[in-house]
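**Student:** So that we are looking at the same thing, I have put the structure below in structure tokens.
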Amino acid sequence: MDTKIVKPSEANIFLEGVEVCREYFHTEKITFGTSELQPGQTGAVDNGHKDSHEVFYVAKGHVLLRCGDKLYDLREGDAQIIPPGEPHQLTNIGTEACVVTWSLAPSES
């Protein structure tokens, strides 16, 4: 794969409940995207990724991450790794739109 720039308008856009997701890259080794939620919104439960670790990085805002039975209070600049197969869900508990980047490695098919 050559070096490539993808603009938000060119990303693969999809919804997980009310969560607006943009997938920028998907290769056999890694997947990278973003999720956006408005204040008070909760995204759909992601059942986890059987063979992939997932990393969340809060680029903007304040979110509550439910990961299995635990809750994590994440603010701008915080990162969290989620083990393979762990169900998780994001809630925007801030006062502005939040943006969370996510990546999976290895990528799922």
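Note on naming: chains are A, B, ... as they come in the structure tokens, residues start from 1 per chain, ligands start from 1 in the order shown.
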Set the distance at 7 Å and use only C-alpha atoms: which residues neighbour stretch 39-50 of chain A once local chain neighbours fewer than 6 positions away are removed? I'd like the list as a ChimeraX atom specification.
**Tutor:** /A:16-19,84-97
**Student:** Can you pull out every residue within 7 Å of A:Ser52, counting only C-alpha atoms, but drop anything in the same chain fewer than 6 positions away, and send it as a PyMOL selection string?
**Tutor:** chain A and resi 84+104-107
**Student:** What does the structure give for the distance between atom CA of A:Ala79 and atom CA of A:Tyr57, in Å to one decimal?
**Tutor:**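 So the answer is 4.3 Å.
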**Student:** Report the distance between atom CA of A:Tyr72 and atom CA of A:Asn12 in Å, rounded to one decimal place.
**Tutor:**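 A separation of 27.8 Å between them.
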**Student:** Can you pull out every residue within 10 Å of A:Lys60, counting only C-alpha atoms, but drop anything in the same chain fewer than 3 positions away, and send it as a VMD selection string?
**Tutor:** chain A and resid 36 57 63 75 to 78 94 96 to 101
**Student:** Output C-alpha atoms for every residue in the selection just made, as an mmCIF file, in the first residue's frame.
**Tutor:**
```cif
data_model
loop_
_atom_site.group_PDB
_atom_site.id
_atom_site.type_symbol
_atom_site.label_atom_id
_atom_site.label_comp_id
_atom_site.auth_asym_id
_atom_site.auth_seq_id
_atom_site.Cartn_x
_atom_site.Cartn_y
_atom_site.Cartn_z
ATOM 1 C CA GLU A 36 -18.360 10.985 17.067
ATOM 2 C CA TYR A 57 -7.826 7.713 21.869
ATOM 3 C CA VAL A 63 -16.468 10.062 27.355
ATOM 4 C CA ARG A 75 -10.855 12.840 28.723
ATOM 5 C CA GLU A 76 -9.147 14.503 25.802
ATOM 6 C CA GLY A 77 -5.666 13.024 25.394
ATOM 7 C CA ASP A 78 -6.453 9.741 27.198
ATOM 8 C CA GLY A 94 -19.189 16.050 28.147
ATOM 9 C CA GLU A 96 -19.560 19.239 23.430
ATOM 10 C CA ALA A 97 -19.325 16.722 20.615
ATOM 11 C CA CYS A 98 -16.646 14.119 21.279
ATOM 12 C CA VAL A 99 -14.319 12.475 18.784
ATOM 13 C CA VAL A 100 -12.656 9.173 19.620
ATOM 14 C CA THR A 101 -10.144 7.582 17.282
#
```
**Student:** Taking the backbone alone, and naming residues the way the document does, which bits of stretch 12-103 of chain A are strand (DSSP E or B) by DSSP, as a PyMOL selection string?
**Tutor:** chain A and resi 12-17+19-26+31-37+42-43+46+53-60+62-67+70-75+79-82+88-92+98-103
**Student:** Would you output that residue set with C-alpha atoms, as a PDB file, in the first residue's frame?
**Tutor:**
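again36.pdb, freshly written:
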```pdb
ATOM      1  CA  ASN A  12     -16.346   5.023   4.803  1.00  0.00           C
ATOM      2  CA  ILE A  13     -19.141   6.499   6.974  1.00  0.00           C
ATOM      3  CA  PHE A  14     -21.480   4.258   8.982  1.00  0.00           C
ATOM      4  CA  LEU A  15     -23.629   4.385  12.121  1.00  0.00           C
ATOM      5  CA  GLU A  16     -23.435   2.266  15.254  1.00  0.00           C
ATOM      6  CA  GLY A  17     -26.690   3.374  16.842  1.00  0.00           C
ATOM      7  CA  GLU A  19     -22.541   6.971  16.888  1.00  0.00           C
ATOM      8  CA  VAL A  20     -21.205   8.387  13.619  1.00  0.00           C
ATOM      9  CA  CYS A  21     -18.204   6.299  12.566  1.00  0.00           C
ATOM     10  CA  ARG A  22     -15.673   6.977   9.830  1.00  0.00           C
ATOM     11  CA  GLU A  23     -13.310   4.238   8.716  1.00  0.00           C
ATOM     12  CA  TYR A  24     -10.255   5.822   7.112  1.00  0.00           C
ATOM     13  CA  PHE A  25      -8.047   2.771   6.571  1.00  0.00           C
ATOM     14  CA  HIS A  26      -8.620  -0.968   6.459  1.00  0.00           C
ATOM     15  CA  THR A  31      -8.004  -0.679  10.732  1.00  0.00           C
ATOM     16  CA  PHE A  32      -8.245   2.990  11.742  1.00  0.00           C
ATOM     17  CA  GLY A  33     -11.246   5.266  12.181  1.00  0.00           C
ATOM     18  CA  THR A  34     -13.120   7.741  14.345  1.00  0.00           C
ATOM     19  CA  SER A  35     -16.386   7.857  16.262  1.00  0.00           C
ATOM     20  CA  GLU A  36     -18.360  10.985  17.067  1.00  0.00           C
ATOM     21  CA  LEU A  37     -21.130  11.388  19.630  1.00  0.00           C
ATOM     22  CA  THR A  42     -24.516   6.549  23.812  1.00  0.00           C
ATOM     23  CA  GLY A  43     -23.268   4.445  20.924  1.00  0.00           C
ATOM     24  CA  ASP A  46     -19.590  -3.327  20.114  1.00  0.00           C
ATOM     25  CA  HIS A  53      -6.714  -5.490  20.220  1.00  0.00           C
ATOM     26  CA  GLU A  54      -8.476  -2.143  19.874  1.00  0.00           C
ATOM     27  CA  VAL A  55      -7.094   1.216  20.995  1.00  0.00           C
ATOM     28  CA  PHE A  56      -9.323   4.221  21.719  1.00  0.00           C
ATOM     29  CA  TYR A  57      -7.826   7.713  21.869  1.00  0.00           C
ATOM     30  CA  VAL A  58     -10.003  10.665  22.919  1.00  0.00           C
ATOM     31  CA  ALA A  59      -9.133  13.389  20.403  1.00  0.00           C
ATOM     32  CA  LYS A  60     -11.880  15.735  21.634  1.00  0.00           C
ATOM     33  CA  HIS A  62     -15.118  13.615  27.568  1.00  0.00           C
ATOM     34  CA  VAL A  63     -16.468  10.062  27.355  1.00  0.00           C
ATOM     35  CA  LEU A  64     -17.415   7.164  29.550  1.00  0.00           C
ATOM     36  CA  LEU A  65     -16.190   3.831  28.187  1.00  0.00           C
ATOM     37  CA  ARG A  66     -17.968   0.707  29.360  1.00  0.00           C
ATOM     38  CA  CYS A  67     -15.648  -2.230  28.806  1.00  0.00           C
ATOM     39  CA  LYS A  70     -15.917  -1.800  34.152  1.00  0.00           C
ATOM     40  CA  LEU A  71     -16.388   1.915  33.482  1.00  0.00           C
ATOM     41  CA  TYR A  72     -13.563   4.249  32.439  1.00  0.00           C
ATOM     42  CA  ASP A  73     -13.759   8.053  32.546  1.00  0.00           C
ATOM     43  CA  LEU A  74     -11.704   9.244  29.562  1.00  0.00           C
ATOM     44  CA  ARG A  75     -10.855  12.840  28.723  1.00  0.00           C
ATOM     45  CA  ALA A  79      -5.989   6.372  25.506  1.00  0.00           C
ATOM     46  CA  GLN A  80      -7.387   2.937  26.393  1.00  0.00           C
ATOM     47  CA  ILE A  81      -6.562  -0.513  25.008  1.00  0.00           C
ATOM     48  CA  ILE A  82      -9.340  -3.091  24.824  1.00  0.00           C
ATOM     49  CA  HIS A  88     -17.483  -2.102  24.853  1.00  0.00           C
ATOM     50  CA  GLN A  89     -19.623   1.024  24.494  1.00  0.00           C
ATOM     51  CA  LEU A  90     -19.031   4.791  24.477  1.00  0.00           C
ATOM     52  CA  THR A  91     -21.163   7.530  26.077  1.00  0.00           C
ATOM     53  CA  ASN A  92     -20.452  11.235  25.632  1.00  0.00           C
ATOM     54  CA  CYS A  98     -16.646  14.119  21.279  1.00  0.00           C
ATOM     55  CA  VAL A  99     -14.319  12.475  18.784  1.00  0.00           C
ATOM     56  CA  VAL A 100     -12.656   9.173  19.620  1.00  0.00           C
ATOM     57  CA  THR A 101     -10.144   7.582  17.282  1.00  0.00           C
ATOM     58  CA  TRP A 102      -9.914   3.807  17.184  1.00  0.00           C
ATOM     59  CA  SER A 103      -7.625   1.270  15.634  1.00  0.00           C
TER      60      SER A 103
END
```
